[in-house]
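The structure under discussion appears below in the form of structure tokens.
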2 protein chains.
Amino acid sequence: MTIHDLANYLGLSIATVSRVLNGKAKDYRISDATSRKVLDAARQLNYRPNRIARGLKLTRTETLGLIVPDIANPFFASIAKNIELEARRHGYSLILCDSLDETETENELLQLLWERKVDGIIIAPVGYHYQNILALKNRGIPVMVIDRHFPGIALPFIASDNYTGAYSAVEYMISQGHKRIACIQGMPGVSVNIARVKGYHDALNDHHIAFDPKLLAGQDFGEKNGYIQTRLLMSNSSPPTAILALSNLISLGVLRAIGEIGLGIPDDVSLVSFDEQPYSAFLSTPMTTIEQRKDEIARLAVHSLLDLINNPAEKRAMEMVLKPSMIIRKSVRNIL
Amino acid sequence: MTIHDLANYLGLSIATVSRVLNGKAKDYRISDATSRKVLDAARQLNYRPNRIARGLKLTRTETLGLIVPDIANPFFASIAKNIELEARRHGYSLILCDSLDETETENELLQLLWERKVDGIIIAPVGYHYQNILALKNRGIPVMVIDRHFPGIALPFIASDNYTGAYSAVEYMISQGHKRIACIQGMPGVSVNIARVKGYHDALNDHHIAFDPKLLAGQDFGEKNGYIQTRLLMSNSSPPTAILALSNLISLGVLRAIGEIGLGIPDDVSLVSFDEQPYSAFLSTPMTTIEQRKDEIARLAVHSLLDLINNPAEKRAMEMVLKPSMIIRKSVRNIL
DNA sequence: CTGTTAGCGCTTTCAC
DNA sequence: GTGAAAGCGCTAACAG
């Protein structure tokens with residue numbers, strides 16, 4: 001069932017049919033009678049336009065690409081959901097790509113999305129490499145970077161104010177009497193991580209607590225990293241009394257390690273984690289977390305991207321930073 | 001940069017270029033010299049075929065559609081990840097669609113994927129309505145149903161043995177001395193739910209425990225449902241000593257309710273939940289769960305679908321059922 | 001061994 | 001008010 005079949009059936013030309021179907025009947029002064037006939041027949045025969053053909057002709061696919069480091073991570077899954085919904089509301093479909101947190105895979109994915117002629121890309125990058133993202137943008141395909149980003153690079157982004165998030169978490173722990181506060185970080189060199197570590201560092205500094213390099217550990221946002229670093233940290237001669245985990249997965253690793261050692265939270269160690277999750281309140285100890293506005297990040301990403309797509313003229317750099325909030329539960333002990 | 005530009009640049013015809021690029025140099029006895037020149041130029045000029053044009057010509061887009069009820073649910077997020085990875089490994093991209101667990105949305109999505117000419121569809125259906133899925137299959141587009149399915153309908157599916165999962169969970173609780181075992185179910189009428197409820201029912205029966213309709217409650221797989229039903233159940237004149245939650249989200253609701261009432265797990269109520277999660281071991285009480293082979297479901301779904309795509313002749317119905325396993329932790333108390 | 005050409009299904013300019 | 005025809009970028013049948 002092509003537009004041709006439909007035109008034949010109606011005894012009209014495909015041009016007329018196409019015009020009616022695209023709501024351009026008025027523009028071409030097509031008679032109401034014809035219009036109605038076309039619409040009725042289309043419904044009757046259940047005609048659906050071939051979007052591939054349409055895309056080729058219009059050089060516009062009404063498809064967006066989404067690249068995330070790990071769609072199984074509830075943080076990204078939640079963002080992906082909101083992006084899909086918002087995109088669909090505007091007539092766009094989403095091609096989902098998981099980069100496995102690998103730069104090389106990410107680059108292949110970028111190529112792929114180019115070949116597939118998506119109208120725009122939303123990417124939560126691995127974070128080490130922006131060349132290919134920039135290259136794509138320069139080839140004319142609109143890009144929005146979310147979460148991890150590249151300060152100083154002309155790539156529009158939406159991110160949380162990670163610095164403030166970490167700063168206030170540490171300040172809170174200090175207010176509860178903690179002085180030996182460890183930080184288990186994600187990937188060093190990645191903006192999100194840099195900002196959080198700086199927040200950690202500055203909060204310590206501003207409260208006249210010397211920064212102990214031994215208490216800053218870790219190298220990625222995964223669970224295993226949280227586990228290993230906690231085991232290491234706690235076997236230290238003077239272990240920390242509190243830990244700041246820079247991701248939801250890391251804190252799961254902390255939990256596993258602490259449990260295995262036979263210690264308790266917050267009795268033996270206090271914990272604050274980035275990324276609120278549905279289960280955060282129901283953990284062995286309800287966890288104090290730094291929550292990001294996932295829904296807002298998604299909504300803004302789609303809107304800004306569509307804006308970029310529809311107004312390619314405006315080359316203004318967009319940088320949006322959202323304030324996170326702290327949800328205080330019971331994982332930090334007052335030791336004053 | 002089209003194939004035309006490339007051909008012009010090389011002083012060759014687009015046919016030759018196309019053939020080399022598609023690895024058909026041998027078939028057409030194209031000289032090695034020409035071949036090499038084409039390949040080199042393609043790399044040099046960073047030529048990438050336009051997949052939209054290719055798709056139109058070949059009536060094959062190398063794209064799969066994935067419809068899930070809720071991509072933010074870690075169960076589906078995890079499946080989606082494995083599907084995306086496996087599909088990509090075979091050269092396919094994935095269009096992600098979230099049906100919001102609504103039949104109407106699901107139907108729109110099905111239409112959309114048809115318009116977009118995906119080569120195949122993997123769908124975790126809402127579960128109430130199979131007509132449109134069947135219609136699509138009959139229109140010639142291969143479909144794989146996963147998770148919830150439609151017994152007796154000619155739609156290939158991959159699912160867990162939910163009956164056995166529930167049966168063994170209940171049997172285990174009985175072995176620990178429980179007799180008043182409640183079941184908080186998901187959407188009634190949905191295959192997954194029916195099978196689990198039947199397993200619950202039969203296990204009770206086989207152990208000579210009368211089924212009490214008051215102890216079977218709930219109407220969807222969400223957290224809120226788990227919460228409400230638990231509150232209701234526990235305010236009963238003779239509350240259950242154990243609860244079987246038919247989804248990961250439901251058990252989160254149970255946890256919230258039990259906490260609010262001021263009771264403890266497993267001291268006051270025991271709990272077994274479907275769907276193992278990364279956090280299951282770290283909850284207030286490490287939770288005993290029924291684990292499904294998410295990776296295997298994903299892998300099989302992609303392989304079977306590609307099989308269907310490549311061998312449309314074989315119309316054999318595929319029905320694959322995977323055994324779940326029980327992970328015993330500490331959420332069930334022995335009251336013997 | 002390589003080139004010419006006919007579409008895939010659609011939108012839109014130009015013509016009447 | 002409507003239609004004919006060009007062409008989006010690609011593949012493959014046919015021709016040599």
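Scheme for the structure tokens: letters A, B, ... for chains in order shown; per-chain residue numbers from 1; ligand numbers from 1 in order shown.
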Counting only C-alpha atoms (C1' of nucleotides), give me one row per residue of chain B with an atom at most 10 Å from an atom of chain D, showing the shortest contact pair and its distance in Å to one decimal, sorted by chain then residue number, as a Markdown table.
```
| residue | atom | partner | partner_atom | distance |
| --- | --- | --- | --- | --- |
| B:Thr2 | CA | D:DG9 | C1' | 6.8 |
| B:Ile3 | CA | D:DG9 | C1' | 7.4 |
| B:His4 | CA | D:DG9 | C1' | 8.3 |
| B:Ile14 | CA | D:DC10 | C1' | 9.5 |
| B:Ala15 | CA | D:DT11 | C1' | 8.2 |
| B:Ser18 | CA | D:DT11 | C1' | 7.6 |
| B:Arg19 | CA | D:DT11 | C1' | 8.7 |
| B:Asn22 | CA | D:DT11 | C1' | 9.7 |
| B:Pro49 | CA | D:DC10 | C1' | 8.2 |
| B:Asn50 | CA | D:DG9 | C1' | 6.6 |
| B:Arg51 | CA | D:DC10 | C1' | 8.4 |
| B:Ile52 | CA | D:DG9 | C1' | 8.1 |
| B:Ala53 | CA | D:DG9 | C1' | 4.9 |
| B:Arg54 | CA | D:DC10 | C1' | 4.9 |
| B:Gly55 | CA | D:DC10 | C1' | 8.3 |
| B:Leu56 | CA | D:DC10 | C1' | 7.9 |
| B:Lys57 | CA | D:DC10 | C1' | 6.2 |
| B:Leu58 | CA | D:DT11 | C1' | 7.2 |
```
Let's have the selection written as a PDB file, in the first residue's frame, with C-alpha atoms.
```
ATOM      1  CA  THR B   2      27.507  11.107  -1.661  1.00  0.00           C
ATOM      2  CA  ILE B   3      28.523   8.070  -3.599  1.00  0.00           C
ATOM      3  CA  HIS B   4      28.223  10.312  -6.621  1.00  0.00           C
ATOM      4  CA  ILE B  14      28.841   5.008  -9.012  1.00  0.00           C
ATOM      5  CA  ALA B  15      28.086   1.379  -9.786  1.00  0.00           C
ATOM      6  CA  SER B  18      28.981   0.871  -4.782  1.00  0.00           C
ATOM      7  CA  ARG B  19      30.101  -2.629  -5.595  1.00  0.00           C
ATOM      8  CA  ASN B  22      29.655  -3.443  -0.503  1.00  0.00           C
ATOM      9  CA  PRO B  49      26.779   5.654   2.961  1.00  0.00           C
ATOM     10  CA  ASN B  50      23.409   7.229   3.566  1.00  0.00           C
ATOM     11  CA  ARG B  51      21.514   4.481   5.310  1.00  0.00           C
ATOM     12  CA  ILE B  52      18.173   6.052   4.567  1.00  0.00           C
ATOM     13  CA  ALA B  53      18.747   5.844   0.837  1.00  0.00           C
ATOM     14  CA  ARG B  54      20.102   2.376   1.237  1.00  0.00           C
ATOM     15  CA  GLY B  55      17.113   1.349   3.269  1.00  0.00           C
ATOM     16  CA  LEU B  56      14.690   2.672   0.704  1.00  0.00           C
ATOM     17  CA  LYS B  57      16.366   0.784  -2.081  1.00  0.00           C
ATOM     18  CA  LEU B  58      16.790  -2.454  -0.217  1.00  0.00           C
TER      19      LEU B  58
END
```
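Near chain C, within 7 Å and counting only C-alpha atoms (C1' of nucleotides), the residues of chain B are Ser13, Thr16, Arg29, Ile30, Ser31, Leu56 and Lys57 of chain B.
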Any chance you could export the current selection's C-alpha atoms as an mmCIF file, in the first residue's frame?
```
data_model
loop_
_atom_site.group_PDB
_atom_site.id
_atom_site.type_symbol
_atom_site.label_atom_id
_atom_site.label_comp_id
_atom_site.auth_asym_id
_atom_site.auth_seq_id
_atom_site.Cartn_x
_atom_site.Cartn_y
_atom_site.Cartn_z
ATOM 1 C CA SER B 13 30.947 5.132 -12.146
ATOM 2 C CA THR B 16 31.690 0.355 -9.435
ATOM 3 C CA ARG B 29 35.881 -9.130 -10.996
ATOM 4 C CA ILE B 30 36.839 -5.585 -10.212
ATOM 5 C CA SER B 31 40.595 -5.140 -10.362
ATOM 6 C CA LEU B 56 14.690 2.672 0.704
ATOM 7 C CA LYS B 57 16.366 0.784 -2.081
#
```
Please check the contacts: residues of chain B at most 9 Å away from chain A, using only C-alpha atoms, listed as an NGL selection string.
:B and (48-53 or 55-56 or 61 or 70-82 or 84-85 or 88 or 93-98 or 111-112 or 114-117 or 249 or 252 or 255-256 or 259 or 278-286)
Could you please take those selected residues and save N, CA and C atoms as a compact mmCIF listing (two decimals), in the first residue's frame?
```
# COMPACT_ATOMS: atom_id res chain seq x y z
N ARG B 48 30.59 8.08 4.07
CA ARG B 48 29.72 7.15 4.80
C ARG B 48 28.43 7.02 4.03
N PRO B 49 28.02 5.81 3.73
CA PRO B 49 26.78 5.65 2.96
C PRO B 49 25.59 6.22 3.73
N ASN B 50 24.66 6.74 2.99
CA ASN B 50 23.41 7.23 3.57
C ASN B 50 22.49 6.03 3.75
N ARG B 51 22.27 5.69 5.02
CA ARG B 51 21.51 4.48 5.31
C ARG B 51 20.04 4.62 4.96
N ILE B 52 19.58 5.84 4.90
CA ILE B 52 18.17 6.05 4.57
C ILE B 52 17.95 5.67 3.10
N ALA B 53 18.85 6.17 2.26
CA ALA B 53 18.75 5.84 0.84
C ALA B 53 18.90 4.34 0.63
N GLY B 55 18.29 2.02 2.76
CA GLY B 55 17.11 1.35 3.27
C GLY B 55 15.96 1.39 2.29
N LEU B 56 15.80 2.52 1.65
CA LEU B 56 14.69 2.67 0.70
C LEU B 56 14.86 1.70 -0.46
N THR B 61 16.00 -1.89 6.59
CA THR B 61 16.61 -0.74 7.26
C THR B 61 17.69 -1.13 8.26
N ASP B 70 8.03 0.03 30.43
CA ASP B 70 8.63 1.04 31.30
C ASP B 70 10.15 0.88 31.30
N ILE B 71 10.82 1.70 30.54
CA ILE B 71 12.27 1.55 30.42
C ILE B 71 12.97 1.97 31.71
N ALA B 72 12.29 2.70 32.58
CA ALA B 72 12.91 3.10 33.85
C ALA B 72 12.91 1.95 34.85
N ASN B 73 12.10 0.94 34.60
CA ASN B 73 12.12 -0.25 35.45
C ASN B 73 13.41 -1.01 35.14
N PRO B 74 14.25 -1.20 36.17
CA PRO B 74 15.56 -1.82 35.93
C PRO B 74 15.48 -3.17 35.24
N PHE B 75 14.37 -3.85 35.42
CA PHE B 75 14.22 -5.14 34.75
C PHE B 75 14.25 -4.95 33.23
N PHE B 76 13.48 -3.99 32.75
CA PHE B 76 13.44 -3.74 31.31
C PHE B 76 14.68 -3.00 30.81
N ALA B 77 15.23 -2.15 31.65
CA ALA B 77 16.43 -1.42 31.26
C ALA B 77 17.56 -2.40 31.00
N SER B 78 17.65 -3.38 31.87
CA SER B 78 18.70 -4.37 31.73
C SER B 78 18.50 -5.21 30.47
N ILE B 79 17.26 -5.58 30.22
CA ILE B 79 16.95 -6.33 28.99
C ILE B 79 17.26 -5.47 27.76
N ALA B 80 16.87 -4.21 27.83
CA ALA B 80 17.10 -3.30 26.70
C ALA B 80 18.59 -3.20 26.40
N LYS B 81 19.39 -3.12 27.45
CA LYS B 81 20.83 -3.01 27.24
C LYS B 81 21.35 -4.20 26.46
N ASN B 82 20.98 -5.37 26.92
CA ASN B 82 21.48 -6.57 26.26
C ASN B 82 20.95 -6.71 24.84
N GLU B 84 20.18 -4.17 22.86
CA GLU B 84 20.87 -3.17 22.04
C GLU B 84 22.26 -3.68 21.65
N LEU B 85 22.97 -4.20 22.62
CA LEU B 85 24.33 -4.69 22.38
C LEU B 85 24.32 -5.83 21.36
N ARG B 88 23.33 -4.60 17.86
CA ARG B 88 24.42 -3.84 17.24
C ARG B 88 25.51 -4.77 16.72
N SER B 93 20.40 -1.37 14.46
CA SER B 93 20.18 -0.34 15.47
C SER B 93 18.80 -0.55 16.08
N LEU B 94 18.59 0.14 17.20
CA LEU B 94 17.37 -0.08 17.97
C LEU B 94 16.58 1.20 18.13
N ILE B 95 15.29 1.15 17.76
CA ILE B 95 14.41 2.27 18.08
C ILE B 95 13.70 1.91 19.37
N LEU B 96 13.93 2.73 20.40
CA LEU B 96 13.36 2.45 21.72
C LEU B 96 12.01 3.11 21.89
N CYS B 97 11.02 2.34 22.36
CA CYS B 97 9.68 2.88 22.59
C CYS B 97 9.18 2.45 23.96
N ASP B 98 8.66 3.41 24.71
CA ASP B 98 8.11 3.14 26.04
C ASP B 98 6.59 3.26 25.97
N GLN B 111 2.20 1.06 15.13
CA GLN B 111 1.98 1.78 13.87
C GLN B 111 3.24 2.52 13.45
N LEU B 112 3.80 3.21 14.43
CA LEU B 112 4.99 4.02 14.18
C LEU B 112 6.13 3.16 13.65
N TRP B 114 5.90 0.43 12.15
CA TRP B 114 5.55 0.00 10.79
C TRP B 114 5.91 1.10 9.79
N GLU B 115 5.55 2.31 10.10
CA GLU B 115 5.87 3.44 9.22
C GLU B 115 7.38 3.58 9.04
N ARG B 116 8.09 3.28 10.10
CA ARG B 116 9.54 3.46 10.04
C ARG B 116 10.25 2.26 9.43
N LYS B 117 9.47 1.29 9.04
CA LYS B 117 10.01 0.15 8.31
C LYS B 117 11.12 -0.60 9.03
N LEU B 249 9.11 -3.76 41.76
CA LEU B 249 8.52 -2.50 42.19
C LEU B 249 7.51 -2.72 43.32
N LEU B 252 9.18 -3.01 46.61
CA LEU B 252 9.63 -1.71 47.13
C LEU B 252 8.47 -1.04 47.87
N LEU B 255 8.03 -2.72 51.22
CA LEU B 255 9.04 -2.21 52.15
C LEU B 255 8.61 -0.87 52.74
N ARG B 256 8.12 -0.01 51.90
CA ARG B 256 7.72 1.32 52.36
C ARG B 256 6.58 1.21 53.37
N GLY B 259 7.67 -0.39 56.70
CA GLY B 259 8.45 0.59 57.45
C GLY B 259 7.56 1.61 58.13
N PRO B 278 20.29 -5.31 41.48
CA PRO B 278 21.62 -5.09 42.07
C PRO B 278 21.54 -4.71 43.56
N TYR B 279 20.45 -4.06 43.93
CA TYR B 279 20.36 -3.60 45.32
C TYR B 279 19.70 -4.61 46.25
N SER B 280 19.19 -5.71 45.70
CA SER B 280 18.40 -6.65 46.50
C SER B 280 19.12 -7.10 47.77
N ALA B 281 20.42 -7.27 47.67
CA ALA B 281 21.18 -7.79 48.80
C ALA B 281 21.40 -6.74 49.89
N PHE B 282 21.17 -5.47 49.56
CA PHE B 282 21.53 -4.41 50.49
C PHE B 282 20.35 -3.71 51.13
N LEU B 283 19.19 -4.27 50.92
CA LEU B 283 17.99 -3.68 51.51
C LEU B 283 18.00 -3.89 53.01
N SER B 284 17.10 -3.19 53.69
CA SER B 284 17.04 -3.25 55.15
C SER B 284 17.18 -4.70 55.60
N THR B 285 16.46 -5.58 54.93
CA THR B 285 16.74 -7.00 55.10
C THR B 285 17.09 -7.54 53.72
N PRO B 286 18.25 -8.14 53.58
CA PRO B 286 18.61 -8.71 52.28
C PRO B 286 17.47 -9.59 51.77
```
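Each of B:Ala298, B:Ala182, B:Leu271, B:Ile133 was compared to Ile158 of chain B using only C-alpha atoms, and B:Ala298 turns out to be the nearest.
Nearest residue to Leu336 of chain A, choosing from A:Pro156, A:Gly177, A:Gly140, A:Pro125 and counting only C-alpha atoms: A:Gly177.
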Work out how far apart atom CA of Ile174 of chain B and atom CA of Lys214 of chain B are and give it in Å to one decimal.
18.2 Å
DSSP strand (DSSP E) selection over segment 83-170 of chain B, as an NGL selection string:
:B and (93-98 or 120-123 or 143-146 or 157-160)
Could you write those residues out with C-alpha atoms, as an mmCIF file, in the first residue's frame?
```cif
data_model
loop_
_atom_site.group_PDB
_atom_site.id
_atom_site.type_symbol
_atom_site.label_atom_id
_atom_site.label_comp_id
_atom_site.auth_asym_id
_atom_site.auth_seq_id
_atom_site.Cartn_x
_atom_site.Cartn_y
_atom_site.Cartn_z
ATOM 1 C CA SER B 93 20.179 -0.344 15.471
ATOM 2 C CA LEU B 94 17.374 -0.084 17.966
ATOM 3 C CA ILE B 95 14.411 2.265 18.077
ATOM 4 C CA LEU B 96 13.361 2.451 21.715
ATOM 5 C CA CYS B 97 9.683 2.881 22.589
ATOM 6 C CA ASP B 98 8.115 3.138 26.038
ATOM 7 C CA GLY B 120 11.610 -6.641 13.153
ATOM 8 C CA ILE B 121 10.079 -5.891 16.516
ATOM 9 C CA ILE B 122 10.794 -7.105 20.009
ATOM 10 C CA ILE B 123 7.952 -6.291 22.314
ATOM 11 C CA VAL B 143 7.816 -10.037 15.870
ATOM 12 C CA MET B 144 9.218 -11.521 19.066
ATOM 13 C CA VAL B 145 7.228 -11.231 22.255
ATOM 14 C CA ILE B 146 9.110 -11.280 25.521
ATOM 15 C CA PHE B 157 7.662 -15.626 22.582
ATOM 16 C CA ILE B 158 10.372 -15.905 25.189
ATOM 17 C CA ALA B 159 9.362 -15.860 28.814
ATOM 18 C CA SER B 160 10.319 -17.139 32.206
#
```
Tell me which protein, DNA and RNA residues are within 10 Å of Lys179 of chain A, counting only C-alpha atoms (C1' of nucleotides), leaving out same-chain ones fewer than 3 positions away, and put them as a CSV table (one decimal) with N, CA and C atoms, in the first residue's frame.
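Saved to result_13.csv:
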```csv
chain,number,residue,atom,x,y,z
A,170,VAL,N,29.5,17.3,51.8
A,170,VAL,CA,30.6,17.3,52.7
A,170,VAL,C,30.4,18.2,53.9
A,173,MET,N,28.3,16.5,56.3
A,173,MET,CA,29.0,15.5,57.1
A,173,MET,C,29.9,16.2,58.2
A,174,ILE,N,30.5,17.3,57.8
A,174,ILE,CA,31.3,18.0,58.7
A,174,ILE,C,30.5,18.5,59.9
A,175,SER,N,29.3,19.0,59.5
A,175,SER,CA,28.4,19.5,60.6
A,175,SER,C,28.0,18.5,61.6
A,176,GLN,N,28.1,17.2,61.1
A,176,GLN,CA,27.8,16.1,62.0
A,176,GLN,C,29.1,15.6,62.8
A,182,ALA,N,36.2,10.3,53.5
A,182,ALA,CA,36.8,9.8,52.2
A,182,ALA,C,35.9,10.1,51.1
A,204,LEU,N,36.2,20.8,52.4
A,204,LEU,CA,37.2,20.4,53.5
A,204,LEU,C,38.0,21.6,53.8
A,207,HIS,N,36.5,24.5,55.7
A,207,HIS,CA,36.3,24.2,57.1
A,207,HIS,C,37.6,23.8,57.8
A,208,HIS,N,38.7,24.1,57.2
A,208,HIS,CA,40.0,23.9,57.8
A,208,HIS,C,40.3,22.5,58.2
A,209,ILE,N,39.9,21.6,57.3
A,209,ILE,CA,40.3,20.2,57.4
A,209,ILE,C,41.3,19.9,56.3
A,210,ALA,N,42.4,19.4,56.7
A,210,ALA,CA,43.5,19.1,55.7
A,210,ALA,C,43.0,18.0,54.8
A,211,PHE,N,43.2,18.2,53.5
A,211,PHE,CA,42.9,17.2,52.5
A,211,PHE,C,44.0,16.1,52.6
A,240,PRO,N,38.5,6.2,57.4
A,240,PRO,CA,37.6,7.3,57.5
A,240,PRO,C,36.4,7.1,58.4
A,241,THR,N,35.8,8.1,58.8
A,241,THR,CA,34.5,7.9,59.6
A,241,THR,C,33.3,8.2,58.7
A,242,ALA,N,33.6,8.7,57.5
A,242,ALA,CA,32.5,9.0,56.6
A,242,ALA,C,33.0,8.8,55.1
```
Hey, what does DSSP flag as alpha helix (DSSP H) within segment 154-327 of chain A? Can you give it to me as JSON, numbers by chain?
{"A": [162, 163, 164, 165, 166, 167, 168, 169, 170, 171, 172, 173, 174, 175, 191, 192, 193, 194, 195, 196, 197, 198, 199, 200, 201, 202, 203, 204, 205, 206, 223, 224, 225, 226, 227, 228, 229, 230, 231, 232, 233, 234, 248, 249, 250, 251, 252, 253, 254, 255, 256, 257, 258, 259, 260, 261, 294, 295, 296, 297, 298, 299, 300, 301, 302, 303, 304, 305, 306, 307, 308, 309, 310]}
